[in-house]
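Undergrad: data_5.pdb is the file, holding PDB, C-alpha atoms:
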ATOM      1  CA  MET A 164      43.690 -48.427  -7.226
ATOM      2  CA  SER A 165      41.204 -45.793  -8.370
ATOM      3  CA  ASP A 166      37.458 -46.061  -7.829
ATOM      4  CA  HIS A 167      35.133 -47.085 -10.635
ATOM      5  CA  PRO A 168      34.225 -43.803 -12.356
ATOM      6  CA  ASP A 169      30.535 -43.880 -11.446
ATOM      7  CA  GLN A 170      30.846 -45.498  -8.031
ATOM      8  CA  HIS A 171      30.051 -42.327  -6.103
ATOM      9  CA  ASP A 172      27.264 -41.274  -8.479
ATOM     10  CA  ARG A 173      25.065 -44.264  -7.707
ATOM     11  CA  PRO A 174      22.483 -44.101  -4.899
ATOM     12  CA  GLN A 175      23.711 -46.012  -1.885
ATOM     13  CA  PRO A 176      21.302 -48.529  -0.310
ATOM     14  CA  ARG A 177      20.100 -47.929   3.216
ATOM     15  CA  PHE A 178      19.781 -51.699   3.624
ATOM     16  CA  PRO A 179      22.797 -53.377   1.943
ATOM     17  CA  ASP A 180      21.034 -56.744   1.603
ATOM     18  CA  GLY A 181      17.640 -55.175   0.907
ATOM     19  CA  PRO A 182      15.949 -53.404  -2.015
ATOM     20  CA  ALA A 183      18.309 -51.373  -4.193
ATOM     21  CA  PRO A 184      17.541 -47.643  -4.570
ATOM     22  CA  ALA A 185      17.766 -47.830  -8.381
ATOM     23  CA  PRO A 186      17.787 -51.519  -9.374
ATOM     24  CA  ALA A 187      17.658 -51.017 -13.153
ATOM     25  CA  GLY A 188      19.904 -47.940 -13.249
ATOM     26  CA  PRO A 189      19.237 -45.470 -16.058
ATOM     27  CA  HIS A 190      18.352 -48.396 -18.340
ATOM     28  CA  ASN A 191      19.280 -46.388 -21.412
ATOM     29  CA  GLU A 192      15.778 -45.073 -21.984
ATOM     30  CA  ARG A 193      13.879 -41.811 -21.900
ATOM     31  CA  ARG A 194      10.417 -42.803 -20.808
ATOM     32  CA  ILE A 195       7.786 -40.870 -18.917
ATOM     33  CA  ARG A 196       7.288 -42.730 -15.654
ATOM     34  CA  SER A 197       3.987 -43.019 -13.856
ATOM     35  CA  PHE A 198       5.515 -43.008 -10.377
ATOM     36  CA  VAL A 199       7.829 -40.973  -8.186
ATOM     37  CA  PRO A 200       9.838 -42.850  -5.526
ATOM     38  CA  ARG A 201       8.853 -41.734  -2.028
ATOM     39  CA  ARG A 202      11.634 -41.549   0.535
ATOM     40  CA  SER A 203       9.548 -41.480   3.698
ATOM     41  CA  ARG A 204      10.717 -42.703   7.077
ATOM     42  CA  VAL A 205      11.285 -46.411   7.654
ATOM     43  CA  THR A 206      10.263 -47.554  11.134
ATOM     44  CA  LEU A 207      12.428 -49.819  13.257
ATOM     45  CA  ALA A 208      10.122 -52.807  12.646
ATOM     46  CA  GLN A 209      10.077 -52.198   8.893
ATOM     47  CA  GLY A 210      13.838 -51.838   8.799
ATOM     48  CA  GLU A 211      14.370 -55.064  10.715
ATOM     49  CA  ALA A 212      12.033 -56.874   8.312
ATOM     50  CA  LEU A 213      13.955 -55.518   5.319
ATOM     51  CA  LYS A 214      17.262 -56.683   6.767
ATOM     52  CA  ARG A 215      16.089 -60.189   7.661
ATOM     53  CA  LEU A 216      13.424 -61.049   5.095
ATOM     54  CA  TRP A 217      14.256 -59.266   1.852
ATOM     55  CA  PRO A 218      16.701 -61.966   0.651
ATOM     56  CA  LYS A 219      13.940 -64.579   1.117
ATOM     57  CA  TRP A 220      10.850 -62.814  -0.266
ATOM     58  CA  GLY A 221      12.108 -59.829  -2.276
ATOM     59  CA  PHE A 222      13.962 -59.174  -5.503
ATOM     60  CA  ASP A 223      15.126 -56.157  -7.492
ATOM     61  CA  ILE A 224      13.605 -55.396 -10.877
ATOM     62  CA  ASP A 225      16.876 -54.949 -12.745
ATOM     63  CA  GLY A 226      15.836 -56.172 -16.192
ATOM     64  CA  ALA A 227      18.759 -58.607 -16.199
ATOM     65  CA  SER A 228      16.914 -61.937 -16.513
ATOM     66  CA  VAL A 229      13.514 -63.526 -17.112
ATOM     67  CA  LEU A 230      11.776 -64.791 -13.983
ATOM     68  CA  ASP A 231      10.711 -68.410 -13.663
ATOM     69  CA  LEU A 232       7.331 -67.893 -11.994
ATOM     70  CA  ASP A 233       6.697 -71.629 -11.621
ATOM     71  CA  ASP A 234       9.869 -71.903  -9.569
ATOM     72  CA  LEU A 235       9.260 -68.656  -7.680
ATOM     73  CA  PHE A 236       5.691 -69.600  -6.692
ATOM     74  CA  ASP A 237       5.866 -73.398  -6.652
ATOM     75  CA  GLY A 238       3.559 -73.707  -9.662
ATOM     76  CA  LEU A 239       0.759 -71.431  -8.417
ATOM     77  CA  PRO A 240      -1.067 -69.171 -10.883
ATOM     78  CA  VAL A 241       0.355 -65.673 -10.420
ATOM     79  CA  VAL A 242      -1.355 -62.290 -10.232
ATOM     80  CA  LEU A 243       0.741 -59.138 -10.584
ATOM     81  CA  GLU A 244      -0.146 -56.305  -8.209
ATOM     82  CA  ILE A 245       1.294 -52.935  -9.219
ATOM     83  CA  GLY A 246       1.548 -50.553  -6.269
ATOM     84  CA  PHE A 247       0.640 -52.060  -2.897
ATOM     85  CA  GLY A 248       1.091 -49.104  -0.540
ATOM     86  CA  MET A 249       1.709 -50.417   2.963
ATOM     87  CA  GLY A 250       0.753 -53.970   1.980
ATOM     88  CA  GLU A 251      -2.222 -54.604   4.261
ATOM     89  CA  ALA A 252      -4.637 -55.380   1.409
ATOM     90  CA  THR A 253      -2.022 -57.533  -0.317
ATOM     91  CA  ALA A 254      -1.533 -59.603   2.827
ATOM     92  CA  ASP A 255      -5.300 -59.953   3.299
ATOM     93  CA  MET A 256      -5.793 -61.165  -0.286
ATOM     94  CA  ALA A 257      -2.874 -63.580  -0.022
ATOM     95  CA  ALA A 258      -4.234 -65.048   3.215
ATOM     96  CA  ALA A 259      -7.744 -65.401   1.765
ATOM     97  CA  ASP A 260      -6.503 -67.125  -1.405
ATOM     98  CA  PRO A 261      -3.384 -69.213  -0.703
ATOM     99  CA  ALA A 262      -3.826 -71.023  -4.054
ATOM    100  CA  THR A 263      -2.866 -67.842  -5.937
ATOM    101  CA  GLY A 264       0.593 -66.293  -5.957
ATOM    102  CA  ILE A 265       0.848 -62.514  -5.675
ATOM    103  CA  LEU A 266       3.777 -60.767  -7.314
ATOM    104  CA  ALA A 267       3.588 -57.394  -5.554
ATOM    105  CA  VAL A 268       5.575 -54.498  -7.029
ATOM    106  CA  ASP A 269       6.303 -51.093  -5.492
ATOM    107  CA  VAL A 270       9.132 -48.619  -4.968
ATOM    108  CA  HIS A 271       8.071 -47.456  -1.489
ATOM    109  CA  THR A 272      10.638 -48.761   0.999
ATOM    110  CA  PRO A 273       8.468 -48.450   4.152
ATOM    111  CA  GLY A 274       5.673 -50.335   2.394
ATOM    112  CA  GLN A 275       8.083 -53.063   1.320
ATOM    113  CA  GLY A 276       9.262 -53.446   4.895
ATOM    114  CA  ASN A 277       5.709 -53.478   6.232
ATOM    115  CA  LEU A 278       4.570 -56.126   3.763
ATOM    116  CA  LEU A 279       7.565 -58.297   4.661
ATOM    117  CA  ARG A 280       6.598 -57.960   8.317
ATOM    118  CA  LEU A 281       3.002 -58.984   7.521
ATOM    119  CA  ILE A 282       4.182 -61.959   5.452
ATOM    120  CA  GLU A 283       6.137 -63.249   8.434
ATOM    121  CA  GLN A 284       3.456 -62.488  11.020
ATOM    122  CA  ARG A 285       0.735 -64.250   9.036
ATOM    123  CA  GLY A 286       2.840 -67.142   7.777
ATOM    124  CA  LEU A 287       2.208 -66.336   4.118
ATOM    125  CA  THR A 288       4.088 -68.277   1.466
ATOM    126  CA  ASN A 289       2.395 -66.998  -1.705
ATOM    127  CA  VAL A 290       3.757 -63.426  -1.889
ATOM    128  CA  ARG A 291       6.946 -62.147  -3.515
ATOM    129  CA  ILE A 292       7.930 -58.473  -3.574
ATOM    130  CA  GLY A 293       9.484 -56.775  -6.583
ATOM    131  CA  ASN A 294      11.344 -53.512  -6.087
ATOM    132  CA  GLY A 295      11.368 -51.184  -9.063
ATOM    133  CA  ASP A 296       9.606 -50.267 -12.282
ATOM    134  CA  ALA A 297       6.687 -52.532 -13.225
ATOM    135  CA  VAL A 298       7.125 -51.650 -16.902
ATOM    136  CA  ILE A 299      10.666 -53.074 -16.882
ATOM    137  CA  LEU A 300       9.350 -56.158 -15.082
ATOM    138  CA  LEU A 301       6.648 -56.699 -17.701
ATOM    139  CA  ARG A 302       8.796 -55.891 -20.690
ATOM    140  CA  GLU A 303      12.013 -57.701 -19.790
ATOM    141  CA  MET A 304      11.478 -60.112 -16.898
ATOM    142  CA  LEU A 305       8.190 -61.916 -17.598
ATOM    143  CA  PRO A 306       7.511 -64.322 -20.476
ATOM    144  CA  PRO A 307       4.412 -63.954 -22.694
ATOM    145  CA  GLY A 308       1.163 -65.200 -21.183
ATOM    146  CA  ALA A 309       2.705 -65.746 -17.744
ATOM    147  CA  LEU A 310       0.166 -63.899 -15.602
ATOM    148  CA  ALA A 311      -3.217 -65.160 -14.405
ATOM    149  CA  GLY A 312      -4.301 -61.619 -13.555
ATOM    150  CA  MET A 313      -3.225 -58.066 -12.804
ATOM    151  CA  ARG A 314      -4.305 -55.642 -10.065
ATOM    152  CA  ILE A 315      -3.784 -51.892 -10.113
ATOM    153  CA  TYR A 316      -5.420 -50.328  -7.075
ATOM    154  CA  PHE A 317      -5.430 -46.565  -6.532
ATOM    155  CA  PRO A 318      -2.566 -45.571  -8.828
ATOM    156  CA  ASP A 319      -1.452 -41.960  -8.818
ATOM    157  CA  PRO A 320      -4.170 -40.114 -10.801
ATOM    158  CA  TRP A 321      -1.868 -37.285 -11.905
ATOM    159  CA  PRO A 322      -4.886 -34.935 -11.791
ATOM    160  CA  LYS A 323      -3.338 -31.907 -13.493
ATOM    161  CA  LYS A 324      -4.053 -31.997 -17.219
ATOM    162  CA  ARG A 325      -0.430 -31.424 -18.168
ATOM    163  CA  HIS A 326       0.481 -34.514 -16.133
ATOM    164  CA  ASN A 327      -2.151 -36.862 -17.619
ATOM    165  CA  LYS A 328       0.551 -38.355 -19.849
ATOM    166  CA  ARG A 329       2.114 -39.824 -16.681
ATOM    167  CA  ARG A 330      -0.928 -41.942 -15.873
ATOM    168  CA  LEU A 331      -0.158 -45.652 -15.928
ATOM    169  CA  ILE A 332      -3.258 -46.680 -17.854
ATOM    170  CA  GLN A 333      -2.333 -45.765 -21.431
ATOM    171  CA  PRO A 334      -2.792 -47.709 -24.699
ATOM    172  CA  GLU A 335       0.925 -48.587 -24.829
ATOM    173  CA  PHE A 336       0.886 -49.959 -21.291
ATOM    174  CA  LEU A 337      -2.252 -52.011 -21.946
ATOM    175  CA  ALA A 338      -0.647 -53.594 -25.004
ATOM    176  CA  LEU A 339       2.393 -54.572 -22.914
ATOM    177  CA  ALA A 340       0.270 -55.834 -20.027
ATOM    178  CA  ALA A 341      -1.907 -57.895 -22.362
ATOM    179  CA  SER A 342       1.158 -59.566 -23.876
ATOM    180  CA  ARG A 343       2.087 -60.950 -20.458
ATOM    181  CA  MET A 344      -1.428 -62.054 -19.472
ATOM    182  CA  ALA A 345      -2.945 -65.415 -20.287
ATOM    183  CA  PRO A 346      -6.212 -65.480 -22.278
ATOM    184  CA  GLY A 347      -9.092 -64.922 -19.867
ATOM    185  CA  ALA A 348      -6.903 -63.267 -17.230
ATOM    186  CA  VAL A 349      -8.563 -60.263 -15.593
ATOM    187  CA  LEU A 350      -7.103 -56.780 -15.234
ATOM    188  CA  HIS A 351      -8.661 -55.208 -12.139
ATOM    189  CA  CYS A 352      -8.271 -51.462 -11.601
ATOM    190  CA  ALA A 353      -9.711 -49.307  -8.824
ATOM    191  CA  THR A 354      -9.529 -45.561  -8.207
ATOM    192  CA  ASP A 355     -11.244 -42.950  -6.057
ATOM    193  CA  TRP A 356     -10.513 -40.163  -8.562
ATOM    194  CA  GLU A 357     -13.532 -39.969 -10.863
ATOM    195  CA  PRO A 358     -11.794 -38.262 -13.809
ATOM    196  CA  TYR A 359      -9.187 -41.023 -13.766
ATOM    197  CA  ALA A 360     -11.923 -43.679 -13.550
ATOM    198  CA  GLU A 361     -13.480 -42.181 -16.689
ATOM    199  CA  TRP A 362     -10.038 -42.137 -18.361
ATOM    200  CA  MET A 363      -9.481 -45.791 -17.439
ATOM    201  CA  LEU A 364     -12.896 -46.836 -18.699
ATOM    202  CA  GLN A 365     -12.483 -45.046 -22.030
ATOM    203  CA  THR A 366      -8.934 -46.328 -22.546
ATOM    204  CA  LEU A 367      -9.793 -49.917 -21.664
ATOM    205  CA  GLU A 368     -12.981 -49.915 -23.735
ATOM    206  CA  ALA A 369     -10.905 -48.779 -26.725
ATOM    207  CA  SER A 370      -8.246 -51.464 -26.242
ATOM    208  CA  PRO A 371      -8.348 -54.379 -28.708
ATOM    209  CA  TYR A 372      -6.880 -56.659 -26.029
ATOM    210  CA  PHE A 373      -9.553 -56.462 -23.317
ATOM    211  CA  GLU A 374     -13.305 -56.779 -22.866
ATOM    212  CA  ASN A 375     -15.366 -55.325 -20.044
ATOM    213  CA  THR A 376     -16.799 -57.918 -17.681
ATOM    214  CA  HIS A 377     -19.535 -55.342 -16.961
ATOM    215  CA  PRO A 378     -20.185 -53.979 -20.458
ATOM    216  CA  GLY A 379     -20.391 -50.224 -20.714
ATOM    217  CA  GLY A 380     -19.614 -49.373 -17.126
ATOM    218  CA  TYR A 381     -17.933 -49.979 -13.796
ATOM    219  CA  ALA A 382     -18.053 -53.174 -11.743
ATOM    220  CA  PRO A 383     -19.266 -53.541  -8.161
ATOM    221  CA  ARG A 384     -16.388 -53.845  -5.695
ATOM    222  CA  PRO A 385     -15.594 -57.580  -5.620
ATOM    223  CA  ASP A 386     -15.501 -59.248  -2.224
ATOM    224  CA  PHE A 387     -11.868 -60.260  -2.675
ATOM    225  CA  ARG A 388     -10.635 -56.642  -2.801
ATOM    226  CA  PRO A 389     -10.266 -55.449   0.808
ATOM    227  CA  ARG A 390     -10.974 -51.846   1.663
ATOM    228  CA  THR A 391      -7.593 -50.178   2.107
ATOM    229  CA  ARG A 392      -6.603 -47.396   4.476
ATOM    230  CA  PHE A 393      -6.123 -45.126   1.481
ATOM    231  CA  GLU A 394      -9.594 -46.007   0.200
ATOM    232  CA  GLY A 395     -11.094 -45.214   3.587
ATOM    233  CA  GLN A 396      -9.457 -41.810   3.534
ATOM    234  CA  GLY A 397     -10.888 -41.131   0.092
ATOM    235  CA  LEU A 398     -14.364 -42.208   1.118
ATOM    236  CA  GLY A 399     -14.082 -39.964   4.158
ATOM    237  CA  LYS A 400     -13.506 -37.047   1.802
ATOM    238  CA  GLY A 401     -16.609 -37.910  -0.183
ATOM    239  CA  HIS A 402     -14.785 -39.598  -3.051
ATOM    240  CA  ILE A 403     -16.483 -42.321  -5.071
ATOM    241  CA  VAL A 404     -14.505 -45.522  -5.631
ATOM    242  CA  ASN A 405     -14.889 -47.212  -9.002
ATOM    243  CA  ASP A 406     -13.733 -50.723  -9.892
ATOM    244  CA  LEU A 407     -13.026 -51.856 -13.445
ATOM    245  CA  LEU A 408     -12.629 -55.531 -14.371
ATOM    246  CA  PHE A 409     -11.519 -56.261 -17.936
ATOM    247  CA  ARG A 410     -10.796 -59.713 -19.329
ATOM    248  CA  ARG A 411      -7.876 -60.468 -21.658
ATOM    249  CA  ILE A 412      -9.240 -61.403 -25.059
ATOM    250  CA  PRO A 413      -7.544 -64.420 -26.712
ATOM    251  CA  ASP A 414      -5.399 -63.531 -29.695
ATOM    252  CA  LYS A 415      -7.047 -64.257 -33.024
TER     253      LYS A 415
END
Using structure tokens, write down the structure from this file.
TA:
Amino acid sequence: MSDHPDQHDRPQPRFPDGPAPAPAGPHNERRIRSFVPRRSRVTLAQGEALKRLWPKWGFDIDGASVLDLDDLFDGLPVVLEIGFGMGEATADMAAADPATGILAVDVHTPGQGNLLRLIEQRGLTNVRIGNGDAVILLREMLPPGALAGMRIYFPDPWPKKRHNKRRLIQPEFLALAASRMAPGAVLHCATDWEPYAEWMLQTLEASPYFENTHPGGYAPRPDFRPRTRFEGQGLGKGHIVNDLLFRRIPDK
């Protein structure tokens, strides 16, 4: 019997029961993506966590079905976190607020493994990890008004002007995000790249779907956002961290 024609063209998973290397496949679209998958080294501890814990706490963003968040999080209000790095801040926020579910999305395999390890170590029950493209998750796997909030901390700033179109915070993305957020839900962004902070502020201020909780400017860092390792590195280089908190306006 011959092989399926594209069997050898697909990326093969390093962890057969873990996150897929390309969960949504080509998805029949030509869209500029705001991220580049990073294939850095997975440690032994991270790999063991992926093997044992991914089936319990993780899922692939394949665009195949709509998630039932009430079932997934036992009825908790759910905040979507896009890009969690190595997961330390996510685990801290989950431990500090067990009454809120965190749907944490990233494509970085070592970070996924590390967050799984932290979930187990700290006995967390309010975190689920999505592997793949957050845009596909929002567009095809979440129902309207499902989210109680959204967090986007230190996204890639794409600093070169010709790459600005790859930045996540764009009018089209904000319209999609708003459609999945409940009225009053807060979109919280943070960046240590000042030109991107200005871009975010201008783009969010111009959006018809959001209002600034600190009109005309940036917000103080809220106590619930832990200082991340990445943030510490930026501060060490003299970078200024800006937080933006915008509330979803109810539809008229």
Undergrad: What's the separation between atom CA of A:Asp255 and atom CA of A:Leu278, in Å to one decimal place?
TA: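 Spanning atom CA of A:Asp255 to atom CA of A:Leu278 is a straight-line distance of 10.6 Å.
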Undergrad: Which residues would end up in the selection if the PyMOL selection byres ((chain A and resi 386-393) around 12) were applied here, given that I need the answer as a PyMOL selection string?
TA: chain A and resi 244+247-260+314-319+351-355+382-385+394-400+402+404+406-408
Undergrad: Using all atoms listed in the file, pick whichever of A:Pro186, A:Gly264, A:Pro346, A:Gly293 has the shortest atom-to-atom distance to A:Pro240.
TA: A:Gly264
Undergrad: Env of A:Asp296: 8 Å cut, atoms = only C-alpha atoms, seq-sep filter 6 positions within chain, self excluded. Answer as a PyMOL selection string.
TA: chain A and resi 224+268-270
Undergrad: Quick one: residues within 10 Å of (8.2, -58.9, 7.6) (file frame), counting all atoms listed in the file, please, as a list in words.
TA: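 The residues that fall inside the cut-off are Ala208, Gln209, Gly210, Glu211, Ala212, Leu213, Lys214, Arg215, Leu216, Trp217, Trp220, Gln275, Gly276, Asn277, Leu278, Leu279, Arg280, Leu281, Ile282, Glu283, Gln284, Arg285 and Gly286 of chain A.
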Undergrad: Where atoms are missing, can you supply N, CA, C and O atoms for stretch 273-285 of chain A and output the lot as a PDB file, in the frame of the given file?
TA:
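As a result, selection_11.pdb now contains:
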ATOM      1  N   PRO A 273       9.227 -48.096   2.951  1.00  0.00           N
ATOM      2  CA  PRO A 273       8.468 -48.450   4.152  1.00  0.00           C
ATOM      3  C   PRO A 273       7.374 -49.477   3.881  1.00  0.00           C
ATOM      4  O   PRO A 273       7.146 -50.383   4.684  1.00  0.00           O
ATOM      5  N   GLY A 274       6.700 -49.357   2.740  1.00  0.00           N
ATOM      6  CA  GLY A 274       5.673 -50.335   2.394  1.00  0.00           C
ATOM      7  C   GLY A 274       6.251 -51.705   2.154  1.00  0.00           C
ATOM      8  O   GLY A 274       5.658 -52.730   2.543  1.00  0.00           O
ATOM      9  N   GLN A 275       7.422 -51.776   1.525  1.00  0.00           N
ATOM     10  CA  GLN A 275       8.083 -53.063   1.320  1.00  0.00           C
ATOM     11  C   GLN A 275       8.406 -53.708   2.661  1.00  0.00           C
ATOM     12  O   GLN A 275       8.176 -54.905   2.862  1.00  0.00           O
ATOM     13  N   GLY A 276       8.944 -52.916   3.579  1.00  0.00           N
ATOM     14  CA  GLY A 276       9.262 -53.446   4.895  1.00  0.00           C
ATOM     15  C   GLY A 276       8.025 -53.894   5.650  1.00  0.00           C
ATOM     16  O   GLY A 276       8.031 -54.934   6.326  1.00  0.00           O
ATOM     17  N   ASN A 277       6.937 -53.124   5.522  1.00  0.00           N
ATOM     18  CA  ASN A 277       5.709 -53.478   6.232  1.00  0.00           C
ATOM     19  C   ASN A 277       5.094 -54.752   5.676  1.00  0.00           C
ATOM     20  O   ASN A 277       4.625 -55.612   6.433  1.00  0.00           O
ATOM     21  N   LEU A 278       5.116 -54.909   4.345  1.00  0.00           N
ATOM     22  CA  LEU A 278       4.570 -56.126   3.763  1.00  0.00           C
ATOM     23  C   LEU A 278       5.414 -57.342   4.155  1.00  0.00           C
ATOM     24  O   LEU A 278       4.867 -58.415   4.448  1.00  0.00           O
ATOM     25  N   LEU A 279       6.722 -57.198   4.190  1.00  0.00           N
ATOM     26  CA  LEU A 279       7.565 -58.297   4.661  1.00  0.00           C
ATOM     27  C   LEU A 279       7.202 -58.693   6.091  1.00  0.00           C
ATOM     28  O   LEU A 279       7.130 -59.884   6.426  1.00  0.00           O
ATOM     29  N   ARG A 280       6.978 -57.698   6.920  1.00  0.00           N
ATOM     30  CA  ARG A 280       6.598 -57.960   8.317  1.00  0.00           C
ATOM     31  C   ARG A 280       5.272 -58.720   8.380  1.00  0.00           C
ATOM     32  O   ARG A 280       5.112 -59.678   9.147  1.00  0.00           O
ATOM     33  N   LEU A 281       4.302 -58.315   7.547  1.00  0.00           N
ATOM     34  CA  LEU A 281       3.002 -58.984   7.521  1.00  0.00           C
ATOM     35  C   LEU A 281       3.115 -60.415   6.995  1.00  0.00           C
ATOM     36  O   LEU A 281       2.439 -61.323   7.478  1.00  0.00           O
ATOM     37  N   ILE A 282       3.958 -60.611   5.986  1.00  0.00           N
ATOM     38  CA  ILE A 282       4.182 -61.959   5.452  1.00  0.00           C
ATOM     39  C   ILE A 282       4.659 -62.891   6.561  1.00  0.00           C
ATOM     40  O   ILE A 282       4.168 -64.023   6.708  1.00  0.00           O
ATOM     41  N   GLU A 283       5.616 -62.419   7.349  1.00  0.00           N
ATOM     42  CA  GLU A 283       6.137 -63.249   8.434  1.00  0.00           C
ATOM     43  C   GLU A 283       5.093 -63.460   9.521  1.00  0.00           C
ATOM     44  O   GLU A 283       4.885 -64.593   9.987  1.00  0.00           O
ATOM     45  N   GLN A 284       4.440 -62.389   9.939  1.00  0.00           N
ATOM     46  CA  GLN A 284       3.456 -62.488  11.020  1.00  0.00           C
ATOM     47  C   GLN A 284       2.342 -63.463  10.691  1.00  0.00           C
ATOM     48  O   GLN A 284       1.876 -64.213  11.547  1.00  0.00           O
ATOM     49  N   ARG A 285       1.908 -63.465   9.426  1.00  0.00           N
ATOM     50  CA  ARG A 285       0.735 -64.250   9.036  1.00  0.00           C
ATOM     51  C   ARG A 285       1.109 -65.584   8.385  1.00  0.00           C
ATOM     52  O   ARG A 285       0.237 -66.338   7.970  1.00  0.00           O
TER      53      ARG A 285
END
